[in-house]
>>> print(open('upload_23.csv').read())   # CSV, C-alpha atoms
chain,number,residue,atom,x,y,z
A,15,MET,CA,0.0,0.0,0.0
A,16,ALA,CA,1.4,3.4,-1.0
A,17,THR,CA,1.9,6.1,1.7
A,18,LEU,CA,2.0,9.8,1.4
A,19,GLY,CA,4.0,11.6,4.0
A,20,LEU,CA,3.1,15.2,4.8
A,21,ILE,CA,5.5,17.7,6.4
A,22,GLY,CA,3.0,20.5,7.1
A,23,SER,CA,-0.7,19.7,7.5
A,24,GLY,CA,-2.4,23.1,7.0
A,25,ASN,CA,-4.8,24.0,4.2
A,26,ILE,CA,-2.8,22.4,1.4
A,27,GLY,CA,-1.5,19.5,3.4
A,28,GLY,CA,-4.9,18.7,4.9
A,29,THR,CA,-6.5,18.8,1.5
A,30,LEU,CA,-3.9,16.5,0.0
A,31,ALA,CA,-4.5,14.1,2.9
A,32,ARG,CA,-8.2,14.0,2.2
A,33,LEU,CA,-7.6,13.4,-1.5
A,34,ALA,CA,-5.1,10.7,-0.8
A,35,VAL,CA,-7.3,8.8,1.6
A,36,ALA,CA,-10.2,9.0,-0.9
A,37,ALA,CA,-7.8,7.5,-3.4
A,38,GLY,CA,-6.9,4.6,-1.1
A,39,ILE,CA,-3.5,6.0,-0.1
A,40,ASP,CA,-2.3,5.9,3.5
A,41,VAL,CA,-1.2,9.2,4.9
A,42,VAL,CA,1.3,10.2,7.7
A,43,LEU,CA,0.7,13.7,8.8
A,44,SER,CA,3.1,16.0,10.7
A,45,ASN,CA,3.6,19.6,11.6
A,46,SER,CA,5.8,21.8,13.7
A,47,ARG,CA,3.6,21.7,16.7
A,48,GLY,CA,3.6,17.9,17.4
A,49,PRO,CA,1.4,14.9,16.5
A,50,GLU,CA,-1.1,15.5,19.3
A,51,THR,CA,-2.2,18.7,17.6
A,52,LEU,CA,-3.4,16.7,14.5
A,53,ALA,CA,-5.7,14.4,16.4
A,54,GLU,CA,-8.9,16.0,15.0
A,55,LEU,CA,-7.7,15.8,11.4
A,56,VAL,CA,-6.6,12.2,11.9
A,57,ALA,CA,-10.0,11.3,13.4
A,58,GLU,CA,-11.7,12.9,10.4
A,59,LEU,CA,-9.5,11.0,7.9
A,60,GLY,CA,-10.0,7.6,9.5
A,61,PRO,CA,-7.9,4.5,9.8
A,62,ARG,CA,-5.7,5.3,6.8
A,63,ALA,CA,-4.2,8.3,8.6
A,64,ARG,CA,-1.9,8.7,11.5
A,65,ALA,CA,0.1,11.6,12.9
A,66,ALA,CA,3.9,11.6,13.5
A,67,THR,CA,6.9,13.8,13.6
A,68,PRO,CA,8.3,15.3,10.4
A,69,GLU,CA,11.2,12.9,10.4
A,70,GLU,CA,8.8,9.9,10.8
A,71,ALA,CA,6.5,11.2,8.1
A,72,ALA,CA,9.5,11.7,5.8
A,73,ARG,CA,10.7,8.1,6.4
A,74,ALA,CA,7.2,6.6,5.9
A,75,GLY,CA,6.3,8.3,2.7
A,76,ASP,CA,6.6,6.8,-0.8
A,77,TRP,CA,6.1,10.4,-1.7
A,78,VAL,CA,6.6,13.3,0.7
A,79,VAL,CA,5.0,16.7,0.4
A,80,VAL,CA,6.8,19.6,2.0
A,81,THR,CA,4.1,22.2,2.5
A,82,VAL,CA,5.4,24.8,4.9
A,83,PRO,CA,6.1,28.5,4.7
A,84,LEU,CA,9.2,29.1,2.7
A,85,LYS,CA,11.0,30.7,5.6
A,86,ALA,CA,10.8,27.3,7.4
A,87,TYR,CA,12.1,25.1,4.5
A,88,ALA,CA,15.4,24.4,6.1
A,89,GLN,CA,13.6,22.6,8.9
A,90,ALA,CA,12.7,19.8,6.5
A,91,PRO,CA,14.6,16.7,7.7
A,92,ALA,CA,17.2,16.3,4.9
A,93,ALA,CA,18.7,13.0,6.0
A,94,ALA,CA,15.2,11.3,6.3
A,95,LEU,CA,14.2,12.6,2.9
A,96,ALA,CA,17.3,11.4,1.0
A,97,GLY,CA,16.3,9.1,-1.9
A,98,LYS,CA,12.7,10.3,-1.7
A,99,THR,CA,10.6,12.1,-4.2
A,100,VAL,CA,9.6,15.4,-2.5
A,101,LEU,CA,6.8,17.5,-3.7
A,102,ASP,CA,7.5,21.1,-2.7
A,103,THR,CA,4.5,23.6,-2.5
A,104,THR,CA,6.5,26.6,-1.3
A,105,ASN,CA,5.9,30.1,-2.5
A,106,TYR,CA,7.9,33.2,-1.8
A,107,TYR,CA,6.0,35.9,0.0
A,108,PRO,CA,8.6,38.5,1.2
A,109,GLN,CA,6.1,40.1,3.6
A,110,ARG,CA,5.9,36.7,5.4
A,111,ASP,CA,9.3,35.1,4.6
A,112,GLY,CA,11.6,38.1,4.7
A,113,GLN,CA,13.6,39.3,1.8
A,114,ILE,CA,15.8,36.5,0.2
A,115,ALA,CA,18.4,38.1,-2.0
A,116,ARG,CA,18.8,35.1,-4.4
A,117,LEU,CA,15.0,35.1,-5.0
A,118,ASP,CA,14.8,38.8,-5.4
A,119,SER,CA,17.5,38.8,-8.0
A,120,GLY,CA,16.1,35.9,-9.9
A,121,GLU,CA,19.3,33.9,-9.4
A,122,ALA,CA,17.3,31.0,-8.0
A,123,THR,CA,13.7,29.9,-7.5
A,124,SER,CA,12.3,28.9,-4.1
A,125,SER,CA,12.3,25.2,-5.2
A,126,GLU,CA,15.9,25.4,-6.1
A,127,LEU,CA,16.6,26.5,-2.6
A,128,VAL,CA,14.6,23.6,-1.3
A,129,GLN,CA,16.5,21.2,-3.6
A,130,GLU,CA,19.9,22.6,-2.3
A,131,HIS,CA,18.8,21.8,1.2
A,132,LEU,CA,17.4,18.4,0.3
A,133,ALA,CA,20.4,17.5,-1.8
A,134,GLY,CA,19.7,13.7,-1.6
A,135,ALA,CA,16.1,14.0,-2.6
A,136,ARG,CA,14.3,14.4,-5.9
A,137,VAL,CA,12.4,17.7,-5.5
A,138,VAL,CA,9.4,18.4,-7.7
A,139,LYS,CA,7.5,21.7,-7.5
A,140,ALA,CA,3.8,21.0,-7.3
A,141,PHE,CA,0.5,22.1,-5.7
A,142,ASN,CA,1.7,25.7,-5.1
A,143,ASN,CA,-0.4,27.4,-7.8
A,144,ILE,CA,-3.9,26.4,-6.8
A,145,PHE,CA,-6.1,27.6,-3.9
A,146,PHE,CA,-6.7,24.7,-1.5
A,147,GLY,CA,-10.5,25.0,-1.9
A,148,HIS,CA,-10.2,24.6,-5.6
A,149,LEU,CA,-7.7,21.7,-5.1
A,150,ALA,CA,-10.4,19.9,-3.1
A,151,ALA,CA,-13.2,20.7,-5.5
A,152,LEU,CA,-11.6,20.0,-8.9
A,153,ALA,CA,-10.2,16.5,-8.5
A,154,ARG,CA,-11.7,14.1,-11.1
A,155,PRO,CA,-11.1,10.4,-11.9
A,156,ALA,CA,-8.7,9.6,-14.8
A,157,GLY,CA,-10.4,9.9,-18.2
A,158,SER,CA,-13.0,12.5,-17.0
A,159,PRO,CA,-13.7,15.1,-19.7
A,160,ASP,CA,-13.5,17.9,-17.2
A,161,ARG,CA,-10.2,16.9,-15.6
A,162,THR,CA,-7.9,19.7,-14.4
A,163,ALA,CA,-4.2,19.9,-14.8
A,164,LEU,CA,-1.5,21.1,-12.5
A,165,PRO,CA,2.0,22.2,-13.5
A,166,ILE,CA,5.1,20.5,-12.1
A,167,ALA,CA,8.8,21.3,-12.4
A,168,GLY,CA,11.8,19.3,-11.5
A,169,ASP,CA,15.4,18.4,-12.4
A,170,ASP,CA,15.0,14.6,-12.0
A,171,GLN,CA,13.0,12.6,-14.5
A,172,THR,CA,12.3,9.8,-12.0
A,173,GLY,CA,11.0,12.3,-9.5
A,174,LYS,CA,8.8,13.9,-12.1
A,175,ALA,CA,7.4,10.5,-13.2
A,176,GLU,CA,6.6,9.7,-9.5
A,177,ALA,CA,4.9,13.1,-9.1
A,178,VAL,CA,2.8,12.5,-12.2
A,179,ALA,CA,1.7,9.2,-10.7
A,180,LEU,CA,0.7,10.9,-7.4
A,181,LEU,CA,-1.2,13.7,-9.2
A,182,ASP,CA,-3.0,11.1,-11.3
A,183,ALA,CA,-4.1,9.1,-8.2
A,184,LEU,CA,-5.3,12.3,-6.5
A,185,GLY,CA,-7.4,13.3,-9.5
A,186,TYR,CA,-5.3,15.6,-11.6
A,187,ASP,CA,-3.3,15.6,-14.9
A,188,ALA,CA,0.2,17.1,-14.9
A,189,VAL,CA,1.8,19.6,-17.2
A,190,ASP,CA,5.6,19.5,-17.2
A,191,ALA,CA,6.9,23.1,-16.9
A,192,GLY,CA,10.6,22.1,-17.2
A,193,PRO,CA,13.4,22.2,-14.6
A,194,LEU,CA,13.2,23.8,-11.2
A,195,ALA,CA,14.8,26.9,-12.7
A,196,ASP,CA,11.6,27.4,-14.7
A,197,SER,CA,9.3,26.9,-11.8
A,198,TRP,CA,9.0,30.7,-11.5
A,199,ARG,CA,6.4,30.4,-14.4
A,200,PHE,CA,3.8,29.2,-11.9
A,201,GLN,CA,4.8,31.2,-8.8
A,202,PRO,CA,2.8,34.1,-7.4
A,203,ASP,CA,1.9,36.9,-9.8
A,204,THR,CA,2.0,34.8,-12.9
A,205,PRO,CA,-0.9,33.9,-15.2
A,206,ALA,CA,-0.7,30.2,-14.0
A,207,TYR,CA,-1.0,31.2,-10.3
A,208,GLY,CA,-4.5,30.6,-9.2
A,209,LEU,CA,-6.3,32.3,-12.0
A,210,PRO,CA,-6.8,29.3,-14.4
A,211,TYR,CA,-8.9,27.6,-11.7
A,212,LEU,CA,-11.4,30.4,-11.2
A,213,LYS,CA,-14.9,30.3,-12.5
A,214,ASP,CA,-14.8,34.1,-12.8
A,215,PRO,CA,-11.2,35.3,-13.3
A,216,ALA,CA,-12.5,38.9,-13.5
A,217,ASP,CA,-13.5,38.7,-9.9
A,218,ALA,CA,-10.2,37.5,-8.4
A,219,VAL,CA,-10.7,39.8,-5.4
A,220,ASN,CA,-13.3,37.2,-4.2
A,221,PHE,CA,-10.9,34.3,-4.8
A,222,ALA,CA,-11.9,32.2,-1.8
A,223,ALA,CA,-15.6,32.5,-2.6
A,224,ASP,CA,-15.1,31.4,-6.2
A,225,PRO,CA,-16.3,27.7,-6.6
A,226,GLY,CA,-13.5,26.8,-9.0
A,227,HIS,CA,-13.6,25.7,-12.6
A,228,PRO,CA,-11.8,22.9,-14.4
A,229,ALA,CA,-8.6,23.9,-16.2
A,230,PRO,CA,-7.4,21.4,-18.8
A,231,ALA,CA,-3.7,20.9,-19.7
A,232,GLU,CA,-3.8,23.2,-22.8
A,233,LYS,CA,-5.0,26.1,-20.6
A,234,ILE,CA,-2.2,25.6,-18.1
A,235,ARG,CA,0.4,25.3,-21.0
A,236,ALA,CA,-0.8,28.7,-22.3
A,237,ALA,CA,-0.6,30.3,-18.9
A,238,LEU,CA,2.9,29.0,-18.4
A,239,ALA,CA,4.0,30.3,-21.8
A,240,ALA,CA,2.5,33.7,-21.0
A,241,ALA,CA,4.6,34.2,-17.9
A,242,GLN,CA,7.1,37.1,-17.9
A,243,ARG,CA,9.9,37.8,-15.5
>>> encode(input="upload_23.csv", output="structure tokens")
Amino acid sequence: MATLGLIGSGNIGGTLARLAVAAGIDVVLSNSRGPETLAELVAELGPRARAATPEEAARAGDWVVVTVPLKAYAQAPAAALAGKTVLDTTNYYPQRDGQIARLDSGEATSSELVQEHLAGARVVKAFNNIFFGHLAALARPAGSPDRTALPIAGDDQTGKAEAVALLDALGYDAVDAGPLADSWRFQPDTPAYGLPYLKDPADAVNFAADPGHPAPAEKIRAALAAAQR
């Protein structure tokens, strides 16, 4: 039985856990505050879920999602994640994370920083460009005519293939946006960030209230191509 490890169990992490359990995947949840703080979520998810420490979640996962504020990425347990495919959801928000010179200059992307820290892992950028409510609402079985696509980026082809398999199991197609150096194409303030999944993109101010709308692969490819730095 496949297992998804989660380092960070907030809005995105909790949503991914629900999708994984619905897909028959076991989940091991963790956060920075301790396993006992996840008791309510574990009870909601049922017998396929358990709470653990970040290191335990890292070691247990066939895939591991790191979904923490960027300023906390260096707390991810590098040794425990060696050899793993790690899906990184980080986004750079200077007002929250502080100014990071290498990101401000464009020298690196946030996921390249994560890959440097997790040198023994296969880091794939994913799940960072969609509102968690839309992530929950838009999952569809394989072959559905209204299936939504999410972009991924990574430097390791095995990692990308494993990420595609996870997205497929959770209800999504994947669009390969290239290496981690190109993951800026679906970071904040780009056409692929959030907007493709809105029913009413003209009313983005009410983002959280929008019910979401399917975004096929061709729509995501066009949004990625339209990104400017």
>>> closest_residue(input="upload_23.csv", among="A:Gln129, A:Ala16, A:Ala65, A:Val80", to="Ala53 of chain A", atoms="all atoms listed in the file")
A:Ala65
>>> closest_residue(input="upload_23.csv", among="A:Val56, A:Ile144, A:Met15, A:Ala218", to="Arg32 of chain A", atoms="only C-alpha atoms")
A:Val56
>>> residues_around(input="upload_23.csv", residues="segment 179-190 of chain A", least_positions_apart="4", cutoff="9 Å", atoms="all atoms listed in the file", output="list of chain:residue names")
A:Leu18, A:Leu30, A:Leu33, A:Ala34, A:Ala36, A:Ala37, A:Gly38, A:Ile39, A:Trp77, A:Leu152, A:Ala153, A:Arg154, A:Pro155, A:Ala156, A:Arg161, A:Thr162, A:Ala163, A:Leu164, A:Pro165, A:Ile166, A:Ala167, A:Gly168, A:Lys174, A:Ala175, A:Pro230, A:Ala231, A:Glu232, A:Ile234, A:Arg235
>>> atom_distance(input="upload_23.csv", atom1="atom CA of Asp217 of chain A", atom2="atom CA of Ala239 of chain A")
22.8 Å
>>> residues_around(input="upload_23.csv", residues="Gly173 of chain A", least_positions_apart="6", cutoff="10 Å", atoms="all atoms listed in the file", output="PDB file with C-alpha atoms, in the coordinates of the input")
ATOM      1  CA  TRP A  77       6.100  10.400  -1.700  1.00  0.00           C
ATOM      2  CA  GLY A  97      16.300   9.100  -1.900  1.00  0.00           C
ATOM      3  CA  LYS A  98      12.700  10.300  -1.700  1.00  0.00           C
ATOM      4  CA  THR A  99      10.600  12.100  -4.200  1.00  0.00           C
ATOM      5  CA  VAL A 100       9.600  15.400  -2.500  1.00  0.00           C
ATOM      6  CA  LEU A 101       6.800  17.500  -3.700  1.00  0.00           C
ATOM      7  CA  ALA A 135      16.100  14.000  -2.600  1.00  0.00           C
ATOM      8  CA  ARG A 136      14.300  14.400  -5.900  1.00  0.00           C
ATOM      9  CA  VAL A 137      12.400  17.700  -5.500  1.00  0.00           C
ATOM     10  CA  VAL A 138       9.400  18.400  -7.700  1.00  0.00           C
ATOM     11  CA  ALA A 167       8.800  21.300 -12.400  1.00  0.00           C
ATOM     12  CA  ALA A 179       1.700   9.200 -10.700  1.00  0.00           C
TER      13      ALA A 179
END
>>> atom_distance(input="upload_23.csv", atom1="atom CA of Pro68 of chain A", atom2="atom CA of His148 of chain A")
26.2 Å
>>> residues_around(input="upload_23.csv", residues="segment 104-107 of chain A", least_positions_apart="2", cutoff="7 Å", atoms="all atoms listed in the file", output="list in words")
Thr81, Val82, Pro83, Leu84, Asp102, Gln109, Arg110, Asp111, Ser124, Asn142 and Gln201 of chain A
>>> residues_around(input="upload_23.csv", residues="Tyr207 of chain A", least_positions_apart="2", cutoff="12 Å", atoms="only C-alpha atoms", output="PyMOL selection string")
chain A and resi 105+140-145+164-165+197-205+209-212+215+218+221+234+237-238+240-241
>>> atom_distance(input="upload_23.csv", atom1="atom CA of Ala31 of chain A", atom2="atom CA of Pro193 of chain A")
26.3 Å
>>> closest_residue(input="upload_23.csv", among="A:Ala115, A:Ala72, A:Ala57, A:Leu95", to="Ile21 of chain A", atoms="all atoms listed in the file")
A:Ala72
>>> closest_residue(input="upload_23.csv", among="A:Glu50, A:Glu70, A:Asp169, A:Asp76", to="Pro91 of chain A", atoms="all atoms listed in the file")
A:Glu70
>>> build_atoms(input="upload_23.csv", residues="segment 54-65 of chain A", atoms="all heavy atoms", output="PDB file, in the coordinates of the input")
ATOM      1  N   GLU A  54      -7.576  15.787  15.649  1.00  0.00           N
ATOM      2  CA  GLU A  54      -8.900  16.000  15.000  1.00  0.00           C
ATOM      3  C   GLU A  54      -8.877  15.654  13.556  1.00  0.00           C
ATOM      4  O   GLU A  54      -9.800  15.003  13.052  1.00  0.00           O
ATOM      5  CB  GLU A  54      -9.308  17.462  15.238  1.00  0.00           C
ATOM      6  CG  GLU A  54     -10.709  17.774  14.753  1.00  0.00           C
ATOM      7  CD  GLU A  54     -11.143  19.192  15.072  1.00  0.00           C
ATOM      8  OE1 GLU A  54     -10.547  19.815  15.963  1.00  0.00           O
ATOM      9  OE2 GLU A  54     -12.091  19.674  14.413  1.00  0.00           O
ATOM     10  N   LEU A  55      -7.815  16.062  12.854  1.00  0.00           N
ATOM     11  CA  LEU A  55      -7.700  15.800  11.400  1.00  0.00           C
ATOM     12  C   LEU A  55      -7.574  14.251  11.209  1.00  0.00           C
ATOM     13  O   LEU A  55      -8.203  13.682  10.307  1.00  0.00           O
ATOM     14  CB  LEU A  55      -6.555  16.512  10.810  1.00  0.00           C
ATOM     15  CG  LEU A  55      -6.303  16.292   9.322  1.00  0.00           C
ATOM     16  CD1 LEU A  55      -7.539  16.601   8.489  1.00  0.00           C
ATOM     17  CD2 LEU A  55      -5.115  17.140   8.848  1.00  0.00           C
ATOM     18  N   VAL A  56      -6.765  13.603  12.016  1.00  0.00           N
ATOM     19  CA  VAL A  56      -6.600  12.200  11.900  1.00  0.00           C
ATOM     20  C   VAL A  56      -7.908  11.437  12.123  1.00  0.00           C
ATOM     21  O   VAL A  56      -8.262  10.498  11.395  1.00  0.00           O
ATOM     22  CB  VAL A  56      -5.502  11.657  12.869  1.00  0.00           C
ATOM     23  CG1 VAL A  56      -5.513  10.132  12.967  1.00  0.00           C
ATOM     24  CG2 VAL A  56      -4.133  12.148  12.424  1.00  0.00           C
ATOM     25  N   ALA A  57      -8.667  11.883  13.118  1.00  0.00           N
ATOM     26  CA  ALA A  57     -10.000  11.300  13.400  1.00  0.00           C
ATOM     27  C   ALA A  57     -10.909  11.441  12.203  1.00  0.00           C
ATOM     28  O   ALA A  57     -11.660  10.527  11.843  1.00  0.00           O
ATOM     29  CB  ALA A  57     -10.571  11.860  14.646  1.00  0.00           C
ATOM     30  N   GLU A  58     -10.863  12.616  11.579  1.00  0.00           N
ATOM     31  CA  GLU A  58     -11.700  12.900  10.400  1.00  0.00           C
ATOM     32  C   GLU A  58     -11.311  11.938   9.251  1.00  0.00           C
ATOM     33  O   GLU A  58     -12.178  11.404   8.542  1.00  0.00           O
ATOM     34  CB  GLU A  58     -11.553  14.317   9.957  1.00  0.00           C
ATOM     35  CG  GLU A  58     -12.279  14.632   8.651  1.00  0.00           C
ATOM     36  CD  GLU A  58     -11.784  15.921   7.996  1.00  0.00           C
ATOM     37  OE1 GLU A  58     -11.329  16.829   8.712  1.00  0.00           O
ATOM     38  OE2 GLU A  58     -11.847  15.998   6.755  1.00  0.00           O
ATOM     39  N   LEU A  59     -10.011  11.740   9.059  1.00  0.00           N
ATOM     40  CA  LEU A  59      -9.500  11.000   7.900  1.00  0.00           C
ATOM     41  C   LEU A  59      -9.725   9.475   8.082  1.00  0.00           C
ATOM     42  O   LEU A  59      -9.830   8.746   7.097  1.00  0.00           O
ATOM     43  CB  LEU A  59      -8.037  11.273   7.692  1.00  0.00           C
ATOM     44  CG  LEU A  59      -7.711  12.687   7.212  1.00  0.00           C
ATOM     45  CD1 LEU A  59      -6.212  12.945   7.295  1.00  0.00           C
ATOM     46  CD2 LEU A  59      -8.215  12.902   5.795  1.00  0.00           C
ATOM     47  N   GLY A  60      -9.747   8.988   9.310  1.00  0.00           N
ATOM     48  CA  GLY A  60     -10.000   7.600   9.500  1.00  0.00           C
ATOM     49  C   GLY A  60      -8.772   6.711   9.612  1.00  0.00           C
ATOM     50  O   GLY A  60      -7.650   7.206   9.767  1.00  0.00           O
ATOM     51  N   PRO A  61      -8.934   5.405   9.460  1.00  0.00           N
ATOM     52  CA  PRO A  61      -7.900   4.500   9.800  1.00  0.00           C
ATOM     53  C   PRO A  61      -6.672   4.518   8.792  1.00  0.00           C
ATOM     54  O   PRO A  61      -5.618   3.950   9.103  1.00  0.00           O
ATOM     55  CB  PRO A  61      -8.550   3.093   9.677  1.00  0.00           C
ATOM     56  CG  PRO A  61      -9.774   3.323   8.850  1.00  0.00           C
ATOM     57  CD  PRO A  61     -10.199   4.717   9.144  1.00  0.00           C
ATOM     58  N   ARG A  62      -6.824   5.148   7.667  1.00  0.00           N
ATOM     59  CA  ARG A  62      -5.700   5.300   6.800  1.00  0.00           C
ATOM     60  C   ARG A  62      -4.701   6.345   7.176  1.00  0.00           C
ATOM     61  O   ARG A  62      -3.638   6.488   6.556  1.00  0.00           O
ATOM     62  CB  ARG A  62      -6.150   5.556   5.325  1.00  0.00           C
ATOM     63  CG  ARG A  62      -6.796   4.373   4.638  1.00  0.00           C
ATOM     64  CD  ARG A  62      -6.846   4.564   3.133  1.00  0.00           C
ATOM     65  NE  ARG A  62      -7.457   3.435   2.477  1.00  0.00           N
ATOM     66  CZ  ARG A  62      -6.819   2.308   2.164  1.00  0.00           C
ATOM     67  NH1 ARG A  62      -5.544   2.167   2.463  1.00  0.00           N
ATOM     68  NH2 ARG A  62      -7.463   1.327   1.562  1.00  0.00           N
ATOM     69  N   ALA A  63      -5.036   7.130   8.195  1.00  0.00           N
ATOM     70  CA  ALA A  63      -4.200   8.300   8.600  1.00  0.00           C
ATOM     71  C   ALA A  63      -3.638   8.096   9.977  1.00  0.00           C
ATOM     72  O   ALA A  63      -4.266   7.515  10.855  1.00  0.00           O
ATOM     73  CB  ALA A  63      -5.036   9.548   8.516  1.00  0.00           C
ATOM     74  N   ARG A  64      -2.422   8.613  10.148  1.00  0.00           N
ATOM     75  CA  ARG A  64      -1.900   8.700  11.500  1.00  0.00           C
ATOM     76  C   ARG A  64      -0.966   9.960  11.539  1.00  0.00           C
ATOM     77  O   ARG A  64      -0.539  10.475  10.501  1.00  0.00           O
ATOM     78  CB  ARG A  64      -1.044   7.473  11.856  1.00  0.00           C
ATOM     79  CG  ARG A  64       0.197   7.225  11.015  1.00  0.00           C
ATOM     80  CD  ARG A  64       0.889   5.936  11.454  1.00  0.00           C
ATOM     81  NE  ARG A  64       2.042   5.591  10.627  1.00  0.00           N
ATOM     82  CZ  ARG A  64       3.301   5.968  10.912  1.00  0.00           C
ATOM     83  NH1 ARG A  64       3.556   6.710  11.971  1.00  0.00           N
ATOM     84  NH2 ARG A  64       4.293   5.596  10.122  1.00  0.00           N
ATOM     85  N   ALA A  65      -0.732  10.432  12.746  1.00  0.00           N
ATOM     86  CA  ALA A  65       0.100  11.600  12.900  1.00  0.00           C
ATOM     87  C   ALA A  65       1.479  11.152  13.473  1.00  0.00           C
ATOM     88  O   ALA A  65       1.590  10.139  14.178  1.00  0.00           O
ATOM     89  CB  ALA A  65      -0.536  12.571  13.919  1.00  0.00           C
TER      90      ALA A  65
END
